[in-house]
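Engineer: Input structure: data.cif, which contains mmCIF, C-alpha atoms.
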data_data
loop_
_atom_site.group_PDB
_atom_site.id
_atom_site.type_symbol
_atom_site.label_atom_id
_atom_site.label_comp_id
_atom_site.auth_asym_id
_atom_site.auth_seq_id
_atom_site.Cartn_x
_atom_site.Cartn_y
_atom_site.Cartn_z
ATOM 1 C CA MET Z 151 -59.336 2.445 -56.356
ATOM 2 C CA LEU Z 152 -57.391 -0.484 -54.958
ATOM 3 C CA ALA Z 153 -54.919 1.852 -53.239
ATOM 4 C CA SER Z 154 -57.656 3.780 -51.451
ATOM 5 C CA GLU Z 155 -59.328 0.542 -50.327
ATOM 6 C CA GLU Z 156 -56.042 -0.643 -48.869
ATOM 7 C CA THR Z 157 -55.606 2.650 -47.043
ATOM 8 C CA LYS Z 158 -59.091 2.401 -45.618
ATOM 9 C CA GLU Z 159 -58.529 -1.153 -44.416
ATOM 10 C CA LYS Z 160 -55.195 -0.251 -42.820
ATOM 11 C CA SER Z 161 -56.716 2.590 -40.812
ATOM 12 C CA ASP Z 162 -59.521 0.456 -39.349
ATOM 13 C CA ILE Z 163 -59.308 -0.096 -35.602
ATOM 14 C CA PHE Z 164 -61.012 -3.105 -34.064
ATOM 15 C CA LEU Z 165 -62.695 -3.295 -30.692
ATOM 16 C CA LYS Z 166 -62.593 -6.765 -29.141
ATOM 17 C CA ALA Z 167 -64.503 -7.968 -26.081
ATOM 18 C CA LEU Z 168 -62.600 -10.608 -24.104
ATOM 19 C CA THR Z 169 -62.716 -12.373 -20.750
ATOM 20 C CA LEU Z 170 -59.702 -12.662 -18.457
ATOM 21 C CA ARG Z 171 -59.738 -16.151 -16.946
ATOM 22 C CA THR Z 172 -56.079 -16.701 -15.989
ATOM 23 C CA ALA Z 173 -52.885 -14.622 -15.941
ATOM 24 C CA ALA Z 174 -51.792 -16.600 -19.021
ATOM 25 C CA ASP Z 175 -54.390 -14.680 -21.083
ATOM 26 C CA ILE Z 176 -52.319 -11.492 -20.716
ATOM 27 C CA GLU Z 177 -49.907 -12.312 -23.539
ATOM 28 C CA SER Z 178 -52.601 -12.600 -26.216
ATOM 29 C CA ILE Z 179 -54.234 -9.400 -24.907
ATOM 30 C CA LYS Z 180 -50.904 -7.577 -25.297
ATOM 31 C CA THR Z 181 -50.606 -8.962 -28.831
ATOM 32 C CA ASP Z 182 -54.108 -7.742 -29.712
ATOM 33 C CA VAL Z 183 -53.439 -4.223 -28.381
ATOM 34 C CA SER Z 184 -50.077 -4.157 -30.195
ATOM 35 C CA ARG Z 185 -52.040 -4.948 -33.372
ATOM 36 C CA LYS Z 186 -54.075 -1.757 -32.827
ATOM 37 C CA MET Z 187 -57.060 -3.406 -31.179
ATOM 38 C CA ILE Z 188 -59.045 -1.898 -28.332
ATOM 39 C CA VAL Z 189 -59.652 -4.653 -25.757
ATOM 40 C CA ILE Z 190 -62.619 -4.536 -23.405
ATOM 41 C CA LEU Z 191 -61.745 -7.076 -20.788
ATOM 42 C CA ARG Z 192 -64.233 -8.684 -18.443
ATOM 43 C CA VAL Z 193 -62.297 -9.480 -15.268
ATOM 44 C CA THR Z 194 -65.050 -10.883 -13.043
ATOM 45 C CA PRO Z 195 -64.210 -14.605 -13.530
ATOM 46 C CA LEU Z 196 -60.609 -14.135 -12.357
ATOM 47 C CA ALA Z 197 -61.738 -11.758 -9.592
ATOM 48 C CA GLN Z 198 -63.859 -14.592 -8.222
ATOM 49 C CA SER Z 199 -61.273 -17.376 -8.596
ATOM 50 C CA ASP Z 200 -58.035 -15.600 -7.610
ATOM 51 C CA SER Z 201 -58.068 -11.932 -6.624
ATOM 52 C CA LEU Z 202 -54.279 -11.789 -6.091
ATOM 53 C CA GLU Z 203 -53.667 -13.150 -9.599
ATOM 54 C CA LEU Z 204 -56.100 -10.529 -10.906
ATOM 55 C CA LYS Z 205 -54.264 -7.758 -9.060
ATOM 56 C CA ASN Z 206 -50.940 -8.845 -10.597
ATOM 57 C CA ALA Z 207 -52.482 -9.212 -14.055
ATOM 58 C CA ILE Z 208 -53.955 -5.705 -13.918
ATOM 59 C CA GLU Z 209 -50.601 -4.272 -12.756
ATOM 60 C CA LYS Z 210 -48.897 -5.909 -15.747
ATOM 61 C CA LEU Z 211 -51.505 -4.481 -18.114
ATOM 62 C CA TYR Z 212 -51.008 -0.972 -16.661
ATOM 63 C CA GLU Z 213 -47.228 -1.316 -17.151
ATOM 64 C CA PHE Z 214 -47.746 -2.562 -20.711
ATOM 65 C CA SER Z 215 -50.124 0.315 -21.480
ATOM 66 C CA ALA Z 216 -47.619 2.911 -20.219
ATOM 67 C CA ALA Z 217 -44.794 1.268 -22.202
ATOM 68 C CA ILE Z 218 -46.613 1.352 -25.545
ATOM 69 C CA GLY Z 219 -48.205 4.798 -25.029
ATOM 70 C CA GLY Z 220 -51.750 3.470 -24.972
ATOM 71 C CA ASP Z 221 -54.432 4.030 -22.375
ATOM 72 C CA ILE Z 222 -56.204 1.906 -19.765
ATOM 73 C CA ALA Z 223 -59.192 2.460 -17.482
ATOM 74 C CA ARG Z 224 -61.713 0.708 -15.305
ATOM 75 C CA LEU Z 225 -65.225 0.358 -16.747
ATOM 76 C CA GLY Z 226 -67.506 -0.327 -13.807
ATOM 77 C CA GLU Z 227 -66.795 -3.267 -11.530
ATOM 78 C CA GLU Z 228 -66.645 -5.923 -14.230
ATOM 79 C CA ARG Z 229 -64.501 -4.554 -17.037
ATOM 80 C CA ILE Z 230 -61.240 -2.860 -17.992
ATOM 81 C CA VAL Z 231 -60.586 -1.147 -21.296
ATOM 82 C CA ILE Z 232 -57.092 -1.170 -22.835
ATOM 83 C CA THR Z 233 -56.407 0.980 -25.905
ATOM 84 C CA PRO Z 234 -53.564 1.166 -28.430
ATOM 85 C CA PRO Z 235 -51.687 4.437 -29.108
ATOM 86 C CA GLY Z 236 -54.008 6.886 -30.903
ATOM 87 C CA VAL Z 237 -57.034 5.923 -28.826
ATOM 88 C CA LYS Z 238 -57.537 7.706 -25.512
ATOM 89 C CA VAL Z 239 -60.057 7.199 -22.721
ATOM 90 C CA TRP Z 240 -62.148 10.348 -22.284
ATOM 91 C CA ARG Z 241 -61.892 11.634 -18.714
ATOM 92 C CA GLY Z 242 -64.003 14.769 -19.165
ATOM 93 C CA THR Z 243 -63.048 18.369 -19.717
ATOM 94 C CA PRO Z 244 -59.952 19.292 -17.672
ATOM 95 C CA MET E 45 -42.915 19.631 -36.464
ATOM 96 C CA LEU E 46 -46.135 21.556 -35.980
ATOM 97 C CA ALA E 47 -47.699 19.881 -39.022
ATOM 98 C CA SER E 48 -46.990 16.392 -37.699
ATOM 99 C CA GLU E 49 -48.331 17.279 -34.275
ATOM 100 C CA GLU E 50 -51.539 18.505 -35.857
ATOM 101 C CA THR E 51 -51.836 15.273 -37.823
ATOM 102 C CA LYS E 52 -51.306 13.220 -34.694
ATOM 103 C CA GLU E 53 -53.937 15.156 -32.786
ATOM 104 C CA LYS E 54 -56.446 14.823 -35.596
ATOM 105 C CA SER E 55 -56.055 11.054 -35.710
ATOM 106 C CA ASP E 56 -56.710 10.563 -31.984
ATOM 107 C CA ILE E 57 -59.922 8.717 -31.218
ATOM 108 C CA PHE E 58 -61.576 9.068 -27.814
ATOM 109 C CA LEU E 59 -63.465 6.392 -25.939
ATOM 110 C CA LYS E 60 -66.173 7.773 -23.659
ATOM 111 C CA ALA E 61 -68.146 5.868 -21.030
ATOM 112 C CA LEU E 62 -71.691 7.201 -20.597
ATOM 113 C CA THR E 63 -74.975 6.253 -18.959
ATOM 114 C CA LEU E 64 -78.292 6.299 -20.811
ATOM 115 C CA ARG E 65 -80.931 7.650 -18.426
ATOM 116 C CA THR E 66 -83.623 8.968 -20.781
ATOM 117 C CA ALA E 67 -84.302 8.905 -24.530
ATOM 118 C CA ALA E 68 -83.279 12.584 -24.572
ATOM 119 C CA ASP E 69 -79.646 11.492 -24.021
ATOM 120 C CA ILE E 70 -79.547 10.017 -27.539
ATOM 121 C CA GLU E 71 -78.852 13.328 -29.289
ATOM 122 C CA SER E 72 -75.634 14.043 -27.397
ATOM 123 C CA ILE E 73 -74.519 10.429 -27.923
ATOM 124 C CA LYS E 74 -75.018 10.859 -31.687
ATOM 125 C CA THR E 75 -73.017 14.101 -31.550
ATOM 126 C CA ASP E 76 -70.162 12.360 -29.710
ATOM 127 C CA VAL E 77 -70.028 9.482 -32.219
ATOM 128 C CA SER E 78 -70.184 11.969 -35.108
ATOM 129 C CA ARG E 79 -67.131 13.641 -33.523
ATOM 130 C CA LYS E 80 -65.254 10.323 -33.864
ATOM 131 C CA MET E 81 -65.803 9.144 -30.305
ATOM 132 C CA ILE E 82 -66.428 5.556 -29.312
ATOM 133 C CA VAL E 83 -69.281 5.527 -26.794
ATOM 134 C CA ILE E 84 -69.652 2.742 -24.254
ATOM 135 C CA LEU E 85 -73.162 3.186 -22.989
ATOM 136 C CA ARG E 86 -74.487 1.736 -19.753
ATOM 137 C CA VAL E 87 -78.192 1.110 -20.333
ATOM 138 C CA THR E 88 -79.200 -0.501 -17.030
ATOM 139 C CA PRO E 89 -80.801 2.630 -15.442
ATOM 140 C CA LEU E 90 -83.206 3.102 -18.369
ATOM 141 C CA ALA E 91 -83.805 -0.662 -18.588
ATOM 142 C CA GLN E 92 -85.052 -0.514 -15.010
ATOM 143 C CA SER E 93 -87.159 2.633 -15.340
ATOM 144 C CA ASP E 94 -88.713 2.207 -18.807
ATOM 145 C CA SER E 95 -87.890 -0.851 -20.917
ATOM 146 C CA LEU E 96 -90.020 0.311 -23.868
ATOM 147 C CA GLU E 97 -88.207 3.657 -23.982
ATOM 148 C CA LEU E 98 -84.928 1.711 -23.882
ATOM 149 C CA LYS E 99 -86.054 -0.504 -26.776
ATOM 150 C CA ASN E 100 -86.900 2.575 -28.889
ATOM 151 C CA ALA E 101 -83.657 4.317 -27.942
ATOM 152 C CA ILE E 102 -81.585 1.287 -28.952
ATOM 153 C CA GLU E 103 -83.457 1.033 -32.273
ATOM 154 C CA LYS E 104 -82.648 4.688 -32.982
ATOM 155 C CA LEU E 105 -78.988 4.111 -32.164
ATOM 156 C CA TYR E 106 -78.861 1.105 -34.520
ATOM 157 C CA GLU E 107 -80.402 3.222 -37.313
ATOM 158 C CA PHE E 108 -77.939 6.038 -36.625
ATOM 159 C CA SER E 109 -75.012 3.598 -36.651
ATOM 160 C CA ALA E 110 -76.076 2.145 -40.029
ATOM 161 C CA ALA E 111 -76.571 5.646 -41.468
ATOM 162 C CA ILE E 112 -73.089 6.897 -40.572
ATOM 163 C CA GLY E 113 -71.282 3.613 -41.398
ATOM 164 C CA GLY E 114 -70.215 2.985 -37.826
ATOM 165 C CA ASP E 115 -70.721 -0.136 -35.744
ATOM 166 C CA ILE E 116 -72.805 -1.087 -32.709
ATOM 167 C CA ALA E 117 -72.910 -4.128 -30.439
ATOM 168 C CA ARG E 118 -74.146 -5.376 -27.105
ATOM 169 C CA LEU E 119 -71.512 -5.734 -24.360
ATOM 170 C CA GLY E 120 -73.002 -8.069 -21.790
ATOM 171 C CA GLU E 121 -76.342 -7.206 -20.207
ATOM 172 C CA GLU E 122 -75.427 -3.713 -19.037
ATOM 173 C CA ARG E 123 -73.701 -2.003 -21.920
ATOM 174 C CA ILE E 124 -73.797 -1.149 -25.623
ATOM 175 C CA VAL E 125 -70.820 0.048 -27.639
ATOM 176 C CA ILE E 126 -71.293 2.486 -30.539
ATOM 177 C CA THR E 127 -68.346 3.242 -32.809
ATOM 178 C CA PRO E 128 -67.657 5.890 -35.460
ATOM 179 C CA PRO E 129 -66.635 4.939 -39.016
ATOM 180 C CA GLY E 130 -63.122 3.444 -39.003
ATOM 181 C CA VAL E 131 -63.695 1.497 -35.774
ATOM 182 C CA LYS E 132 -65.276 -1.954 -36.039
ATOM 183 C CA VAL E 133 -66.459 -4.391 -33.396
ATOM 184 C CA TRP E 134 -64.478 -7.627 -33.671
ATOM 185 C CA ARG E 135 -66.819 -10.580 -34.192
ATOM 186 C CA GLY E 136 -64.179 -13.296 -34.538
ATOM 187 C CA THR E 137 -62.645 -14.884 -37.592
ATOM 188 C CA PRO E 138 -65.257 -15.352 -40.347
#
Take the structure from the file and write it as structure tokens.
Structural biologist:
Amino acid sequence: MLASEETKEKSDIFLKALTLRTAADIESIKTDVSRKMIVILRVTPLAQSDSLELKNAIEKLYEFSAAIGGDIARLGEERIVITPPGVKVWRGTP
Amino acid sequence: MLASEETKEKSDIFLKALTLRTAADIESIKTDVSRKMIVILRVTPLAQSDSLELKNAIEKLYEFSAAIGGDIARLGEERIVITPPGVKVWRGTP
């Protein structure tokens, strides 16, 4: 009983909605994704305050995603989704 | 080798971005979530065309989510996220 509960808890994936305000937020986002969390990141605040910083931040997140074998995609104008390994963004039937 | 590949494939979860245009779209959304997909649903088009139909559609999705043991949450004004069992929306430290 206890063993199966532990197994269930271990396999749970969390989806976390966050806002990117500065490039310094990237480290905690990486940590979350490394801990098997899906991060849905609202980028509009940084887009408005510093579009070059946003561009660099997004590049770093794409590099990170490739390095860990996760996935990353744009979600409209406002958001980016970053997934851990085992979670893929559906891009339709090939 | 083949066995482990099969296991890996089975454990993959897909995240699908969709748009809710009419209440008739609900059935295919339910099917996707039942097939272990996370659906990120843009509801703005239906909100603009028929807000009562949207209200009913969202109620049905909440009922469906409770019935299958998944999770559901608002994501800003435009989107709703619906998850299969095993994926939970992070609501911060209790």
Engineer: May I have chain Z as a compact mmCIF listing (two decimals) with C-alpha atoms, in the coordinates of the input, after a least-squares superposition on chain E that uses all C-alpha atoms paired in order?
Structural biologist:
# COMPACT_ATOMS: atom_id res chain seq x y z
CA MET Z 151 -42.84 19.79 -36.01
CA LEU Z 152 -46.07 21.70 -35.49
CA ALA Z 153 -47.61 20.11 -38.59
CA SER Z 154 -46.88 16.58 -37.41
CA GLU Z 155 -48.29 17.35 -33.95
CA GLU Z 156 -51.48 18.61 -35.54
CA THR Z 157 -51.74 15.46 -37.65
CA LYS Z 158 -51.27 13.30 -34.59
CA GLU Z 159 -53.95 15.16 -32.65
CA LYS Z 160 -56.40 14.96 -35.55
CA SER Z 161 -56.04 11.19 -35.84
CA ASP Z 162 -56.72 10.55 -32.14
CA ILE Z 163 -59.95 8.69 -31.41
CA PHE Z 164 -61.57 9.04 -28.01
CA LEU Z 165 -63.45 6.38 -26.10
CA LYS Z 166 -66.14 7.78 -23.81
CA ALA Z 167 -68.09 5.90 -21.14
CA LEU Z 168 -71.62 7.23 -20.69
CA THR Z 169 -74.89 6.29 -19.02
CA LEU Z 170 -78.23 6.33 -20.83
CA ARG Z 171 -80.83 7.71 -18.42
CA THR Z 172 -83.56 9.01 -20.77
CA ALA Z 173 -84.26 8.92 -24.51
CA ALA Z 174 -83.23 12.60 -24.59
CA ASP Z 175 -79.59 11.51 -24.07
CA ILE Z 176 -79.54 10.02 -27.59
CA GLU Z 177 -78.85 13.31 -29.36
CA SER Z 178 -75.61 14.03 -27.49
CA ILE Z 179 -74.51 10.41 -28.01
CA LYS Z 180 -75.05 10.82 -31.77
CA THR Z 181 -73.04 14.05 -31.66
CA ASP Z 182 -70.17 12.32 -29.84
CA VAL Z 183 -70.06 9.43 -32.34
CA SER Z 184 -70.24 11.91 -35.24
CA ARG Z 185 -67.17 13.58 -33.70
CA LYS Z 186 -65.29 10.26 -34.02
CA MET Z 187 -65.82 9.10 -30.46
CA ILE Z 188 -66.44 5.51 -29.44
CA VAL Z 189 -69.28 5.51 -26.89
CA ILE Z 190 -69.63 2.74 -24.32
CA LEU Z 191 -73.13 3.19 -23.04
CA ARG Z 192 -74.42 1.78 -19.78
CA VAL Z 193 -78.13 1.15 -20.32
CA THR Z 194 -79.11 -0.43 -17.00
CA PRO Z 195 -80.69 2.70 -15.42
CA LEU Z 196 -83.12 3.16 -18.32
CA ALA Z 197 -83.73 -0.60 -18.51
CA GLN Z 198 -84.95 -0.44 -14.92
CA SER Z 199 -87.06 2.73 -15.26
CA ASP Z 200 -88.64 2.28 -18.71
CA SER Z 201 -87.86 -0.79 -20.81
CA LEU Z 202 -90.03 0.37 -23.74
CA GLU Z 203 -88.17 3.70 -23.89
CA LEU Z 204 -84.91 1.74 -23.82
CA LYS Z 205 -86.06 -0.48 -26.68
CA ASN Z 206 -86.92 2.58 -28.80
CA ALA Z 207 -83.66 4.31 -27.89
CA ILE Z 208 -81.60 1.28 -28.90
CA GLU Z 209 -83.51 1.00 -32.21
CA LYS Z 210 -82.70 4.65 -32.95
CA LEU Z 211 -79.03 4.07 -32.17
CA TYR Z 212 -78.93 1.04 -34.50
CA GLU Z 213 -80.50 3.14 -37.28
CA PHE Z 214 -78.02 5.96 -36.64
CA SER Z 215 -75.09 3.52 -36.69
CA ALA Z 216 -76.19 2.06 -40.04
CA ALA Z 217 -76.69 5.55 -41.50
CA ILE Z 218 -73.20 6.80 -40.64
CA GLY Z 219 -71.40 3.52 -41.46
CA GLY Z 220 -70.30 2.90 -37.90
CA ASP Z 221 -70.79 -0.20 -35.79
CA ILE Z 222 -72.84 -1.13 -32.72
CA ALA Z 223 -72.94 -4.15 -30.42
CA ARG Z 224 -74.15 -5.38 -27.07
CA LEU Z 225 -71.49 -5.72 -24.36
CA GLY Z 226 -72.96 -8.03 -21.74
CA GLU Z 227 -76.28 -7.17 -20.14
CA GLU Z 228 -75.37 -3.67 -19.01
CA ARG Z 229 -73.66 -1.96 -21.92
CA ILE Z 230 -73.78 -1.14 -25.63
CA VAL Z 231 -70.83 0.03 -27.68
CA ILE Z 232 -71.32 2.45 -30.59
CA THR Z 233 -68.38 3.19 -32.90
CA PRO Z 234 -67.72 5.81 -35.58
CA PRO Z 235 -66.73 4.83 -39.15
CA GLY Z 236 -63.22 3.34 -39.13
CA VAL Z 237 -63.77 1.44 -35.89
CA LYS Z 238 -65.35 -2.01 -36.12
CA VAL Z 239 -66.51 -4.44 -33.45
CA TRP Z 240 -64.53 -7.69 -33.72
CA ARG Z 241 -66.88 -10.64 -34.19
CA GLY Z 242 -64.22 -13.33 -34.56
CA THR Z 243 -62.75 -15.00 -37.60
CA PRO Z 244 -65.43 -15.59 -40.27
Engineer: Apply the PyMOL selection byres ((chain Z) within 7 of (chain E)) to the file shown and report the selected residues as number ranges by chain.
Structural biologist: Z: 161-166, 236-240
Engineer: Write the residues you've just listed into a file as a PDB file, in the coordinates of the input, and include C-alpha atoms for each of them.
Structural biologist:
ATOM      1  CA  SER Z 161     -56.716   2.590 -40.812  1.00  0.00           C
ATOM      2  CA  ASP Z 162     -59.521   0.456 -39.349  1.00  0.00           C
ATOM      3  CA  ILE Z 163     -59.308  -0.096 -35.602  1.00  0.00           C
ATOM      4  CA  PHE Z 164     -61.012  -3.105 -34.064  1.00  0.00           C
ATOM      5  CA  LEU Z 165     -62.695  -3.295 -30.692  1.00  0.00           C
ATOM      6  CA  LYS Z 166     -62.593  -6.765 -29.141  1.00  0.00           C
ATOM      7  CA  GLY Z 236     -54.008   6.886 -30.903  1.00  0.00           C
ATOM      8  CA  VAL Z 237     -57.034   5.923 -28.826  1.00  0.00           C
ATOM      9  CA  LYS Z 238     -57.537   7.706 -25.512  1.00  0.00           C
ATOM     10  CA  VAL Z 239     -60.057   7.199 -22.721  1.00  0.00           C
ATOM     11  CA  TRP Z 240     -62.148  10.348 -22.284  1.00  0.00           C
TER      12      TRP Z 240
END
Engineer: For Ile73 in chain E, please output as a ChimeraX atom specification all residues within 9 Å (counting all atoms listed in the file; exclusion window: fewer than 4 positions along the same chain).
Structural biologist: /E:62,69,77-78,83,85,105,126
Engineer: Name all residues at most 12 Å from range 197-202 of chain Z (count only C-alpha atoms; drop same-chain ones fewer than 6 positions away) and give them as a VMD selection string.
Structural biologist: chain Z and resid 169 to 173 208 to 209 227 to 229
Engineer: Just how far from CA of Arg224 in chain Z is CA of Asn100 in chain E, in Å to one decimal?
Structural biologist: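 Interatomic distance here is 28.7 Å.
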Engineer: Give the answer as one residue: which of E:Ala68, E:Ala110, E:Lys80, E:Thr75 has the shortest atom-to-atom distance to Glu97 in chain E, using only C-alpha atoms?
Structural biologist: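 The closest residue to Glu97 in chain E is E:Ala68.
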Engineer: Hey, can you check how far CA of Asp182 in chain Z sits from CA of Lys205 in chain Z?
Structural biologist: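 Value for the CA of Asp182 in chain Z-CA of Lys205 in chain Z distance: 20.7 Å.
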Engineer: Just how far from CA of Arg79 in chain E is CA of Arg185 in chain Z, in Å to one decimal?
Structural biologist: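 Straight-line distance from CA of Arg185 in chain Z to CA of Arg79 in chain E works out to 23.9 Å.
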